[in-house]
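Participant: Here you go, this is upload.csv (CSV, C-alpha atoms (C1' of nucleotides)).
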```
chain,number,residue,atom,x,y,z
A,1,MET,CA,3.1,-5.0,-2.3
A,2,LEU,CA,4.6,-1.7,-1.4
A,3,ARG,CA,2.7,-0.1,-4.1
A,4,LEU,CA,2.2,3.6,-4.7
A,5,SER,CA,-1.0,5.0,-6.1
A,6,LYS,CA,-1.9,5.3,-9.7
A,7,LEU,CA,-2.2,9.0,-9.2
A,8,THR,CA,1.5,9.1,-8.7
A,9,ASP,CA,2.1,7.3,-11.9
A,10,TYR,CA,-0.1,9.8,-13.7
A,11,ALA,CA,1.7,12.6,-12.0
A,12,VAL,CA,5.0,11.6,-13.5
A,13,VAL,CA,3.5,11.3,-16.9
A,14,VAL,CA,1.9,14.7,-16.6
A,15,LEU,CA,5.0,16.4,-15.3
A,16,VAL,CA,7.1,15.0,-18.0
A,17,ARG,CA,4.6,16.3,-20.5
A,18,LEU,CA,4.6,19.7,-18.9
A,19,SER,CA,8.3,19.9,-19.4
A,20,GLY,CA,9.6,20.7,-22.9
A,21,MET,CA,6.6,22.9,-23.5
A,22,ASP,CA,6.8,26.6,-23.3
A,23,GLY,CA,4.1,28.6,-21.7
A,24,VAL,CA,1.2,27.1,-19.8
A,25,GLN,CA,-0.8,24.1,-20.7
A,26,THR,CA,-4.4,23.4,-19.9
A,27,SER,CA,-5.5,20.2,-18.3
A,28,PRO,CA,-7.8,19.2,-21.2
A,29,GLY,CA,-4.7,19.6,-23.4
A,30,ILE,CA,-2.6,17.4,-21.3
A,31,ALA,CA,-5.4,14.9,-21.1
A,32,ALA,CA,-5.6,14.7,-24.8
A,33,ALA,CA,-1.8,14.4,-25.1
A,34,THR,CA,-1.4,11.7,-22.5
A,35,GLY,CA,-4.6,9.7,-22.9
A,36,ILE,CA,-5.3,10.1,-19.2
A,37,PRO,CA,-9.0,11.0,-18.6
A,38,GLU,CA,-9.5,14.7,-18.2
A,39,PRO,CA,-11.0,14.8,-14.7
A,40,THR,CA,-8.1,12.7,-13.5
A,41,VAL,CA,-5.5,15.0,-15.0
A,42,ALA,CA,-7.2,17.9,-13.4
A,43,LYS,CA,-7.1,16.2,-10.1
A,44,VAL,CA,-3.4,15.4,-10.4
A,45,LEU,CA,-2.6,18.9,-11.5
A,46,LYS,CA,-4.4,20.4,-8.5
A,47,THR,CA,-2.5,18.1,-6.2
A,48,LEU,CA,0.8,19.0,-7.8
A,49,ALA,CA,-0.1,22.6,-7.5
A,50,ALA,CA,-0.7,22.2,-3.9
A,51,GLY,CA,2.7,20.5,-3.6
A,52,GLU,CA,4.2,23.5,-5.4
A,53,LEU,CA,5.6,21.4,-8.1
A,54,VAL,CA,3.7,23.3,-10.7
A,55,SER,CA,2.2,26.8,-10.7
A,56,SER,CA,-1.3,27.5,-12.0
A,57,GLN,CA,-2.7,30.5,-13.8
A,58,ARG,CA,-6.4,30.9,-13.7
A,59,GLY,CA,-8.8,32.3,-16.2
A,60,ALA,CA,-8.9,32.2,-19.9
A,61,LYS,CA,-5.5,31.4,-21.4
A,62,GLY,CA,-4.7,29.9,-18.0
A,63,GLY,CA,-3.1,26.6,-17.4
A,64,TYR,CA,-0.2,25.0,-15.6
A,65,ARG,CA,3.6,25.4,-15.7
A,66,LEU,CA,6.5,23.5,-14.2
A,67,ASN,CA,8.1,25.2,-11.3
A,68,ARG,CA,11.5,23.5,-11.7
A,69,GLU,CA,13.2,21.5,-14.3
A,70,LEU,CA,12.7,17.8,-14.3
A,71,SER,CA,16.3,17.2,-13.2
A,72,ALA,CA,15.5,19.2,-10.0
A,73,ILE,CA,12.5,17.1,-9.1
A,74,PRO,CA,13.3,14.0,-7.2
A,75,ILE,CA,10.7,11.3,-7.5
A,76,ALA,CA,10.4,11.5,-3.8
A,77,ASP,CA,8.9,14.9,-4.1
A,78,VAL,CA,6.2,13.7,-6.5
A,79,ILE,CA,5.3,10.8,-4.2
A,80,ALA,CA,5.2,13.1,-1.2
A,81,ALA,CA,2.9,15.5,-3.1
A,82,VAL,CA,0.5,13.0,-4.3
A,83,ASP,CA,0.6,10.2,-1.8
A,84,GLY,CA,1.5,12.1,1.3
A,85,PRO,CA,4.7,11.8,3.3
A,86,ILE,CA,6.7,8.7,2.7
A,87,ALA,CA,6.2,6.4,5.7
A,88,LEU,CA,6.2,2.7,5.6
A,89,THR,CA,4.4,2.0,8.8
A,90,ALA,CA,1.7,3.6,10.9
A,91,CYS,CA,4.3,3.9,13.7
A,92,VAL,CA,6.4,6.4,11.8
A,93,GLU,CA,3.5,8.3,10.4
A,94,GLY,CA,1.4,10.7,12.4
A,95,SER,CA,1.0,9.3,15.9
A,96,PRO,CA,3.2,11.3,18.2
A,97,SER,CA,4.0,9.0,21.0
A,98,GLY,CA,3.5,5.5,19.6
A,99,CYS,CA,1.0,3.0,18.3
A,100,GLU,CA,-2.2,2.0,19.9
A,101,SER,CA,-0.3,-0.4,22.2
A,102,GLN,CA,2.1,2.2,23.5
A,103,GLY,CA,4.6,0.7,25.8
A,104,LEU,CA,4.2,-2.6,24.1
A,105,CYS,CA,5.0,-2.1,20.4
A,106,PRO,CA,8.5,-3.5,20.3
A,107,MET,CA,9.3,-2.1,16.8
A,108,ARG,CA,9.0,1.5,17.9
A,109,GLY,CA,11.2,3.4,15.6
A,110,ARG,CA,12.7,0.3,14.2
A,111,TRP,CA,11.6,1.0,10.7
A,112,ASP,CA,13.3,4.3,10.7
A,113,PRO,CA,16.5,3.1,9.0
A,114,VAL,CA,14.4,1.3,6.4
A,115,ASN,CA,12.4,4.5,5.8
A,116,ASP,CA,15.6,6.5,5.5
A,117,ALA,CA,17.0,4.1,3.0
A,118,ILE,CA,14.0,4.2,0.8
A,119,HIS,CA,13.7,7.9,1.1
A,120,LYS,CA,17.3,8.3,0.0
A,121,ALA,CA,16.8,6.0,-2.9
A,122,LEU,CA,13.8,8.0,-4.0
A,123,THR,CA,15.6,11.3,-3.6
A,124,ASP,CA,18.5,10.2,-5.8
A,125,ILE,CA,16.3,9.6,-8.8
A,126,THR,CA,14.9,12.6,-10.5
A,127,LEU,CA,12.2,12.9,-13.1
A,128,ALA,CA,14.9,13.6,-15.7
A,129,ASP,CA,16.2,10.1,-15.0
A,130,MET,CA,12.9,8.6,-15.6
A,131,GLN,CA,12.4,10.6,-18.7
A,132,LYS,CA,15.6,9.5,-20.3
A,133,GLY,CA,14.2,6.1,-21.2
A,134,LEU,CA,11.0,7.5,-22.6
A,135,LEU,CA,10.0,6.3,-26.0
A,136,PRO,CA,10.8,9.1,-28.4
A,137,ALA,CA,7.4,8.6,-30.1
A,138,PHE,CA,5.7,9.6,-27.0
A,139,ARG,CA,7.7,12.7,-26.3
A,140,ALA,CA,7.0,14.1,-29.7
A,141,ALA,CA,3.6,13.1,-30.6
A,142,PRO,CA,0.2,13.2,-28.8
A,143,ALA,CA,-1.1,9.7,-28.1
A,144,PHE,CA,-4.6,8.4,-28.3
A,145,GLN,CA,-5.6,10.2,-31.5
A,146,SER,CA,-6.2,7.0,-33.4
A,147,ALA,CA,-7.5,4.9,-30.6
A,148,ALA,CA,-10.0,7.3,-29.1
A,149,GLU,CA,-11.7,8.7,-32.2
B,1,MET,CA,1.9,6.7,1.4
B,2,LEU,CA,4.0,3.9,0.1
B,3,ARG,CA,3.0,1.9,3.1
B,4,LEU,CA,3.5,-1.8,3.7
B,5,SER,CA,0.9,-3.9,5.5
B,6,LYS,CA,0.6,-4.3,9.2
B,7,LEU,CA,1.2,-8.0,8.7
B,8,THR,CA,4.8,-7.2,7.6
B,9,ASP,CA,5.3,-5.3,10.8
B,10,TYR,CA,4.0,-8.2,12.8
B,11,ALA,CA,6.2,-10.5,10.9
B,12,VAL,CA,9.3,-8.7,11.9
B,13,VAL,CA,8.3,-8.7,15.5
B,14,VAL,CA,7.5,-12.4,15.3
B,15,LEU,CA,10.8,-13.3,13.6
B,16,VAL,CA,12.8,-11.4,16.1
B,17,ARG,CA,11.0,-13.2,18.8
B,18,LEU,CA,11.7,-16.5,17.2
B,19,SER,CA,15.4,-15.8,17.2
B,20,GLY,CA,17.2,-16.2,20.4
B,21,MET,CA,15.0,-19.0,21.4
B,22,ASP,CA,16.1,-22.6,21.1
B,23,GLY,CA,13.7,-25.2,19.9
B,24,VAL,CA,10.3,-24.6,18.4
B,25,GLN,CA,7.8,-22.1,19.6
B,26,THR,CA,4.1,-22.2,19.3
B,27,SER,CA,2.0,-19.5,17.9
B,28,PRO,CA,0.0,-19.1,21.2
B,29,GLY,CA,3.3,-18.7,23.0
B,30,ILE,CA,4.5,-16.0,20.6
B,31,ALA,CA,1.2,-14.3,20.8
B,32,ALA,CA,1.5,-14.1,24.5
B,33,ALA,CA,5.0,-12.9,24.3
B,34,THR,CA,4.5,-10.2,21.7
B,35,GLY,CA,1.0,-9.0,22.5
B,36,ILE,CA,-0.2,-9.7,19.0
B,37,PRO,CA,-3.6,-11.5,18.8
B,38,GLU,CA,-3.2,-15.2,18.5
B,39,PRO,CA,-5.1,-15.7,15.2
B,40,THR,CA,-3.0,-13.0,13.6
B,41,VAL,CA,0.2,-14.5,14.8
B,42,ALA,CA,-0.9,-17.8,13.4
B,43,LYS,CA,-1.6,-16.2,10.1
B,44,VAL,CA,1.7,-14.5,10.0
B,45,LEU,CA,3.6,-17.6,10.8
B,46,LYS,CA,1.8,-19.6,8.1
B,47,THR,CA,2.7,-16.9,5.6
B,48,LEU,CA,6.3,-17.0,6.8
B,49,ALA,CA,6.4,-20.7,6.5
B,50,ALA,CA,5.1,-20.5,3.0
B,51,GLY,CA,7.9,-18.1,2.3
B,52,GLU,CA,10.4,-20.5,3.8
B,53,LEU,CA,11.6,-18.1,6.4
B,54,VAL,CA,10.5,-20.4,9.1
B,55,SER,CA,10.0,-24.2,9.4
B,56,SER,CA,7.0,-25.7,11.1
B,57,GLN,CA,6.6,-28.9,13.0
B,58,ARG,CA,3.2,-30.3,13.4
B,59,GLY,CA,1.5,-32.2,16.1
B,60,ALA,CA,1.9,-32.0,19.9
B,61,LYS,CA,5.2,-30.3,20.9
B,62,GLY,CA,5.2,-28.8,17.5
B,63,GLY,CA,5.8,-25.2,16.6
B,64,TYR,CA,7.9,-22.9,14.5
B,65,ARG,CA,11.6,-22.4,14.1
B,66,LEU,CA,13.8,-19.9,12.2
B,67,ASN,CA,15.4,-21.2,9.1
B,68,ARG,CA,18.2,-18.7,9.0
B,69,GLU,CA,19.8,-16.2,11.4
B,70,LEU,CA,18.4,-12.7,11.6
B,71,SER,CA,21.5,-11.4,10.0
B,72,ALA,CA,20.8,-13.6,6.9
B,73,ILE,CA,17.3,-12.3,6.4
B,74,PRO,CA,17.1,-9.1,4.5
B,75,ILE,CA,13.9,-7.1,5.2
B,76,ALA,CA,13.1,-7.4,1.5
B,77,ASP,CA,12.6,-11.1,2.0
B,78,VAL,CA,10.1,-10.5,4.7
B,79,ILE,CA,8.2,-8.0,2.7
B,80,ALA,CA,8.2,-10.3,-0.3
B,81,ALA,CA,6.9,-13.2,1.8
B,82,VAL,CA,4.1,-11.3,3.4
B,83,ASP,CA,3.1,-8.6,1.0
B,84,GLY,CA,4.1,-10.3,-2.2
B,85,PRO,CA,6.8,-9.2,-4.7
B,86,ILE,CA,8.0,-5.7,-4.4
B,87,ALA,CA,6.6,-3.7,-7.2
B,88,LEU,CA,5.6,-0.1,-7.0
B,89,THR,CA,3.3,0.1,-10.0
B,90,ALA,CA,0.9,-2.2,-11.7
B,91,CYS,CA,3.0,-1.9,-14.8
B,92,VAL,CA,5.8,-3.8,-13.3
B,93,GLU,CA,3.7,-6.3,-11.5
B,94,GLY,CA,2.0,-9.1,-13.2
B,95,SER,CA,0.9,-7.9,-16.6
B,96,PRO,CA,3.2,-9.4,-19.2
B,97,SER,CA,3.0,-7.0,-22.1
B,98,GLY,CA,1.8,-3.8,-20.6
B,99,CYS,CA,-1.0,-1.9,-18.9
B,100,GLU,CA,-4.5,-1.7,-20.1
B,101,SER,CA,-3.6,1.0,-22.6
B,102,GLN,CA,-0.9,-1.0,-24.2
B,103,GLY,CA,0.8,1.1,-26.8
B,104,LEU,CA,-0.1,4.2,-24.9
B,105,CYS,CA,1.3,4.0,-21.4
B,106,PRO,CA,4.4,6.2,-21.8
B,107,MET,CA,5.9,5.1,-18.5
B,108,ARG,CA,6.3,1.6,-19.5
B,109,GLY,CA,9.2,0.2,-17.6
B,110,ARG,CA,10.1,3.7,-16.5
B,111,TRP,CA,9.7,2.8,-12.8
B,112,ASP,CA,12.1,0.0,-13.0
B,113,PRO,CA,15.1,2.0,-11.8
B,114,VAL,CA,13.1,3.2,-8.9
B,115,ASN,CA,12.0,-0.3,-8.1
B,116,ASP,CA,15.6,-1.5,-8.3
B,117,ALA,CA,16.8,1.2,-6.0
B,118,ILE,CA,14.1,0.4,-3.4
B,119,HIS,CA,14.8,-3.3,-3.7
B,120,LYS,CA,18.4,-2.7,-3.2
B,121,ALA,CA,17.8,-0.6,-0.1
B,122,LEU,CA,15.6,-3.2,1.4
B,123,THR,CA,18.0,-6.0,0.6
B,124,ASP,CA,20.8,-4.2,2.4
B,125,ILE,CA,19.0,-4.1,5.7
B,126,THR,CA,18.6,-7.3,7.6
B,127,LEU,CA,16.5,-8.2,10.5
B,128,ALA,CA,19.6,-8.1,12.7
B,129,ASP,CA,20.0,-4.5,11.9
B,130,MET,CA,16.4,-3.8,12.9
B,131,GLN,CA,16.9,-5.8,16.1
B,132,LYS,CA,19.9,-3.9,17.2
B,133,GLY,CA,17.9,-1.0,18.3
B,134,LEU,CA,15.3,-3.0,20.1
B,135,LEU,CA,14.6,-2.0,23.6
B,136,PRO,CA,16.4,-4.4,25.9
B,137,ALA,CA,13.3,-4.7,28.0
B,138,PHE,CA,11.5,-6.3,25.2
B,139,ARG,CA,14.1,-8.7,24.2
B,140,ALA,CA,14.5,-10.1,27.7
B,141,ALA,CA,11.0,-10.1,29.1
B,142,PRO,CA,7.6,-11.1,27.7
B,143,ALA,CA,5.4,-8.2,27.3
B,144,PHE,CA,1.7,-7.8,28.2
B,145,GLN,CA,1.9,-9.8,31.4
B,146,SER,CA,0.8,-6.9,33.6
B,147,ALA,CA,-1.6,-5.4,31.1
B,148,ALA,CA,-3.4,-8.5,30.0
B,149,GLU,CA,-3.8,-10.4,33.2
C,1,DT,C1',-20.5,40.6,-20.5
C,2,DC,C1',-19.0,36.1,-21.8
C,3,DA,C1',-16.3,32.1,-22.2
C,4,DA,C1',-12.4,29.5,-20.6
C,5,DT,C1',-9.9,27.9,-16.9
C,6,DC,C1',-8.5,26.6,-12.2
C,7,DA,C1',-10.0,25.7,-7.0
C,8,DG,C1',-11.9,23.1,-3.7
C,9,DG,C1',-14.6,19.8,-2.2
C,10,DA,C1',-18.2,16.0,-2.1
C,11,DC,C1',-19.5,11.7,-3.7
C,12,DT,C1',-19.7,6.7,-5.2
C,13,DG,C1',-18.0,2.3,-6.6
C,14,DA,C1',-14.3,-0.8,-6.4
C,15,DT,C1',-10.4,-2.8,-4.4
C,16,DG,C1',-7.5,-4.6,-0.9
C,17,DC,C1',-6.4,-5.4,3.9
C,18,DA,C1',-7.1,-6.8,8.9
C,19,DG,C1',-8.7,-9.9,11.6
C,20,DT,C1',-11.3,-14.0,12.8
C,21,DC,C1',-12.9,-18.5,12.4
C,22,DC,C1',-13.5,-23.4,11.0
C,23,DG,C1',-12.8,-28.2,9.6
C,24,DG,C1',-9.0,-31.2,8.7
C,25,DA,C1',-4.3,-33.4,9.1
C,26,DT,C1',-0.3,-34.6,11.9
C,27,DA,C1',2.3,-36.2,15.8
C,28,DA,C1',3.5,-36.8,20.8
C,29,DT,C1',1.6,-38.7,25.0
C,30,DC,C1',-1.1,-41.5,28.1
D,1,DG,C1',-5.6,-47.0,20.4
D,2,DA,C1',-7.5,-42.7,22.2
D,3,DT,C1',-6.6,-38.1,23.3
D,4,DT,C1',-4.7,-33.8,23.0
D,5,DA,C1',-1.9,-30.1,21.1
D,6,DT,C1',-0.5,-28.1,17.2
D,7,DC,C1',-0.1,-26.7,12.4
D,8,DC,C1',-2.6,-26.4,7.5
D,9,DG,C1',-5.4,-24.4,4.3
D,10,DG,C1',-8.9,-21.9,3.2
D,11,DA,C1',-13.2,-19.0,3.6
D,12,DC,C1',-15.4,-15.1,5.4
D,13,DT,C1',-16.7,-10.3,7.0
D,14,DG,C1',-16.1,-5.5,8.1
D,15,DC,C1',-13.3,-1.6,7.4
D,16,DA,C1',-10.4,1.6,5.2
D,17,DT,C1',-8.5,3.5,1.3
D,18,DC,C1',-8.1,4.6,-3.4
D,19,DA,C1',-9.8,5.7,-8.3
D,20,DG,C1',-12.4,8.3,-10.8
D,21,DT,C1',-16.2,11.6,-11.6
D,22,DC,C1',-18.8,15.6,-10.9
D,23,DC,C1',-20.5,20.1,-9.3
D,24,DT,C1',-20.3,24.9,-7.8
D,25,DG,C1',-17.7,28.9,-7.4
D,26,DA,C1',-13.7,32.2,-8.3
D,27,DT,C1',-10.6,34.2,-11.6
D,28,DT,C1',-9.1,36.2,-15.8
D,29,DG,C1',-8.6,37.4,-20.7
D,30,DA,C1',-11.3,38.7,-25.0
```
Would you mind writing the file out in structure tokens?

Facilitator:
Amino acid sequence: MLRLSKLTDYAVVVLVRLSGMDGVQTSPGIAAATGIPEPTVAKVLKTLAAGELVSSQRGAKGGYRLNRELSAIPIADVIAAVDGPIALTACVEGSPSGCESQGLCPMRGRWDPVNDAIHKALTDITLADMQKGLLPAFRAAPAFQSAAE
Amino acid sequence: MLRLSKLTDYAVVVLVRLSGMDGVQTSPGIAAATGIPEPTVAKVLKTLAAGELVSSQRGAKGGYRLNRELSAIPIADVIAAVDGPIALTACVEGSPSGCESQGLCPMRGRWDPVNDAIHKALTDITLADMQKGLLPAFRAAPAFQSAAE
DNA sequence: TCAATCAGGACTGATGCAGTCCGGATAATC
DNA sequence: GATTATCCGGACTGCATCAGTCCTGATTGA
């Protein structure tokens, strides 16, 4: 199914939410604004901080802040930060010399062009592109206030 | 990790093996030639037959045959046949109106351009492209004869 | 000193995949 | 007609990965 993890989906939502806000934002705040459960938001933000997409400030009045503008964040970076490096098959991934069946695997390196094509496609699309189509209602207002309470 | 299943990898190997051979080939034969376990090859071939990438002939002297040339099979078709439709997120997938949090999910449809880009990239690459780089040793000779026996 | 916040990791349940196997149907051959 | 080789369709089990939660500690402002 070629699917990426839900965390990546959340990450995009969180990053878009972080943009357009001045100063830092706390994970509880983002959780309330997006409707994503608090622990999950915290997890996503920690991952994004590790990937250097956001910076964190600890302590009281702490929170998170975007490192770059949305237009400077290709979706590939988000996927790489959350899901790890983009690699379609195990062959391309970590193993240095080859798959388990070393000399046998006939597709050795064969997926590389496919990988490159996908990587390029994901690099050409930035978060700003994904934000463009966002419902204005969401960008302005916090969600979940009527449904949750 | 954006990974596709191993079955898809096997499918490519099997399809490449099917090409360049006249007449039908049996799954035990392909298994021996590729080094992929027999039951797995059978599973892959059944899936590919369901996806109309290969035709099957039952009974003695039966086997499988390619429906189109490798150059007419985009890798997207193989992925779709084995892994199901290409959809990055659950949003795009099956659910008709939206995710579990209907009115909330702010990314509704937002992944569509990403999906399209990936789909296009995968449609532009055919199995013939992937075959080009194959090691000549593999294309000519059956593998696994010295290791297995 | 206290409270708010992030950091880092452990943990559990659920989900999907990999791989195998079995009984049945079909068709060529003896 | 019997036999054999092959595909068909599905069920099944173990394994890996992911989703989501929680806990303890470190940091920082009030």

Participant: Just need the residues of chain A within 12 Å of chain C, counting only C-alpha atoms (C1' of nucleotides), so spit them out as a list of chain:residue names.

Facilitator: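 Every residue of chain A that passes the 12 Å test is in A:Met1, A:Arg3, A:Val24, A:Gln25, A:Thr26, A:Ser27, A:Pro28, A:Gly29, A:Ala42, A:Lys43, A:Leu45, A:Lys46, A:Thr47, A:Ala49, A:Ala50, A:Ser55, A:Ser56, A:Gln57, A:Arg58, A:Gly59, A:Ala60, A:Lys61, A:Gly62, A:Gly63, A:Tyr64.
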
Participant: Separation of atom CA of A:Val114 and atom CA of B:Lys132, in Å?

Facilitator: 13.2 Å

Participant: Could you state the separation of atom CA of A:Ile118 and atom CA of B:Ile118 in Å, given to one decimal place?

Facilitator: 5.7 Å

Participant: Find the residues in chain A near chain B: any atom within 6 Å counts, using all atoms listed in the file. Write them as a list of chain:residue names.

Facilitator: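 The selection requested is A:Met1, A:Leu2, A:Arg3, A:Leu4, A:Asp83, A:Gly84, A:Ile86, A:Leu88, A:Thr89, A:Arg110, A:Ala117, A:Ile118, A:Ala121, A:Met130.
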
Participant: With 10 Å as the limit and counting all atoms listed in the file, what residues in chain D lie close to chain B? Please list them as a PyMOL selection string.

Facilitator: chain D and resi 4-9

Participant: With C-alpha atoms (C1' of nucleotides) kept, could you save the residues just selected as a JSON list (two decimals), in the frame of the given file?

Facilitator:
```json
[["chain", "number", "residue", "atom", "x", "y", "z"],
["D", 4, "DT", "C1'", -4.70, -33.80, 23.00],
["D", 5, "DA", "C1'", -1.90, -30.10, 21.10],
["D", 6, "DT", "C1'", -0.50, -28.10, 17.20],
["D", 7, "DC", "C1'", -0.10, -26.70, 12.40],
["D", 8, "DC", "C1'", -2.60, -26.40, 7.50],
["D", 9, "DG", "C1'", -5.40, -24.40, 4.30]]
```

Participant: Provide the atom CA of A:Ser71 to atom CA of A:Leu127 distance in Å, to one decimal place.

Facilitator: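 So the answer is 5.9 Å.
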
Participant: For a quick check of understanding, using all atoms listed in the file, which of B:Val54, B:Val78, B:Leu70, B:Leu7 has the smallest distance to B:Thr40?

Facilitator: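 Closest candidate: B:Leu7.
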